[in-house]
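Novice: I have a structure I would like to understand better, so I am pasting it below and will then ask my questions one at a time.
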Amino acid sequence: MPQQQRARPRAWSWRRPTLLTGIGVVGGIGVWYDLTGQAAPITDEGHVVEAAQAALWGLSALVALLSSVQQTVRADRSFTVWLAALSLLALMREIDLHLVLDRLFRVRFETRWLLDPSVPFWLKVTCLGLGAGVAITLVAPLWRRRGPLKGLLCRGDASTGLLAVAVGCLGLGYVLDDLLGRGLVLHQVHSQIIEETSELLGALTWCAGSVLNRRWPLSTRVQALGLYGKPNGHRL
């Protein structure tokens, strides 16, 4: 019995450490830009901020893969594999692997490429099909566990909260730079700073959530917080 109690996670709030981390990162980058008047090395390709992001995504993938090997419950193992897959995709995107694919297959990850009449129709359909397949494969496990994950998030579960914050930060970075930035609404330099800052926060919180998930697997957290028996709560 004591051993089982020690295995249970503490439901501590993820909000305060996330807020403090965010203030530290945003404040540090803001002070740098204010003192130097330069966006570098914040927005420079392959510089310290992007290198830190890639390292965090690689660490997240490693932690999740190690967790998947150690898990004995199938649901926990599949969830950690899902975490590892997303971490690896983020890592590949951070190191600009899509540029290598561009050179190998002459595929452009841009809307204008899809509208280009010189690109063969079969190639467009193939790329769209592969993209849709990858998206469904990544979203389906999350949708299947929406009940337990929503319950954990509402109960203040740290790992789930940190992963949710990471997704929000990455989405915010995309919106502020790709949709509103680059001179459209925000100045390009400012939008790039916001994007890189947001992505760094996303990588930090995702890595922290992955580490906590390794210490306390999903099924252990769900059971400890008494979520079994709720709608969709028993399905992992």
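Letters A, B, ... mark the chains of the structure tokens in the order given; residue numbers begin at 1 per chain; ligand numbers begin at 1, in order shown.
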Would you mind writing down, as a ChimeraX atom specification, each residue of range 100-229 of chain A that DSSP on the backbone assigns to alpha helix (DSSP H)?

Specialist: /A:100-105,111-115,121-144,146-154,158-174,188-215,218-224

Novice: Need the shell around range 167-172 of chain A: protein/DNA/RNA residues with any atom at most 6 Å away, counting only C-alpha atoms. Skip same-chain ones fewer than 3 positions apart. Format as a ChimeraX atom specification?

Specialist: /A:164,175,198-199,202

Novice: Produce a file of the selected residues containing C-alpha atoms, as a PDB file, in the first residue's frame.

Specialist:
```
ATOM      1  CA  ALA A 164      -1.785  22.229 -23.490  1.00  0.00           C
ATOM      2  CA  VAL A 175      -0.692  33.197 -35.968  1.00  0.00           C
ATOM      3  CA  SER A 198       6.443  31.784 -28.200  1.00  0.00           C
ATOM      4  CA  GLU A 199       8.010  28.716 -29.816  1.00  0.00           C
ATOM      5  CA  GLY A 202       6.188  25.945 -26.284  1.00  0.00           C
TER       6      GLY A 202
END
```

Novice: CA of Gly133 in chain A to CA of Ala203 in chain A: how many Å, to one decimal?

Specialist: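 The value is 24.5 Å.
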
Novice: Could you make a table, as a Markdown table, of the residues of range 111-205 of chain A that have an atom within 12 Å of an atom of range 54-76 of chain A, each with its nearest atom pair and distance in Å to one decimal, counting only C-alpha atoms, in chain and number order?

Specialist:
```
| residue | atom | partner | partner_atom | distance |
| --- | --- | --- | --- | --- |
| A:Pro141 | CA | A:Ala75 | CA | 10.0 |
| A:Leu142 | CA | A:Ala75 | CA | 11.8 |
| A:Arg144 | CA | A:Ala75 | CA | 10.9 |
| A:Arg145 | CA | A:Ala75 | CA | 9.7 |
| A:Pro148 | CA | A:Ala75 | CA | 11.8 |
| A:Leu163 | CA | A:Ser60 | CA | 11.3 |
| A:Ala166 | CA | A:Trp57 | CA | 11.4 |
| A:Glu196 | CA | A:Ala54 | CA | 11.9 |
| A:Glu199 | CA | A:Ala54 | CA | 10.4 |
| A:Leu200 | CA | A:Leu56 | CA | 8.7 |
| A:Leu201 | CA | A:Leu56 | CA | 10.3 |
| A:Gly202 | CA | A:Leu56 | CA | 9.7 |
| A:Ala203 | CA | A:Leu56 | CA | 5.9 |
| A:Leu204 | CA | A:Leu56 | CA | 6.6 |
| A:Thr205 | CA | A:Leu56 | CA | 9.5 |
```

Novice: Mind writing the picked residues with C-alpha atoms as a short mmCIF file (atom, residue, chain, number, x, y, z; two decimals), in the first residue's frame?

Specialist:
```
data_model
loop_
_atom_site.label_atom_id
_atom_site.label_comp_id
_atom_site.auth_asym_id
_atom_site.auth_seq_id
_atom_site.Cartn_x
_atom_site.Cartn_y
_atom_site.Cartn_z
CA PRO A 141 -5.12 9.37 -30.31
CA LEU A 142 -5.76 12.78 -28.75
CA ARG A 144 -9.81 9.16 -28.35
CA ARG A 145 -8.50 10.29 -24.95
CA PRO A 148 -9.43 11.69 -19.49
CA LEU A 163 1.31 20.09 -22.89
CA ALA A 166 2.83 24.20 -25.36
CA GLU A 196 10.63 32.65 -31.61
CA GLU A 199 8.01 28.72 -29.82
CA LEU A 200 10.72 28.61 -27.15
CA LEU A 201 8.05 28.69 -24.43
CA GLY A 202 6.19 25.94 -26.28
CA ALA A 203 9.27 23.74 -26.48
CA LEU A 204 10.03 24.32 -22.78
CA THR A 205 6.55 23.47 -21.56
#
```

Novice: Figure out the distance between CA of Ala132 in chain A and CA of Arg77 in chain A, please, to one decimal in Å.

Specialist: 24.2 Å

Novice: Measuring between only C-alpha atoms, which one of A:Leu212, A:Val125, A:Gly173, A:Val165 shows the shortest distance to Ile193 in chain A?

Specialist: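 For Ile193 in chain A, the nearest of the given residues is A:Gly173.
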
Novice: Find the distance between CA of Trp113 in chain A and CA of Glu94 in chain A and write it in Å to one decimal.

Specialist: 21.4 Å
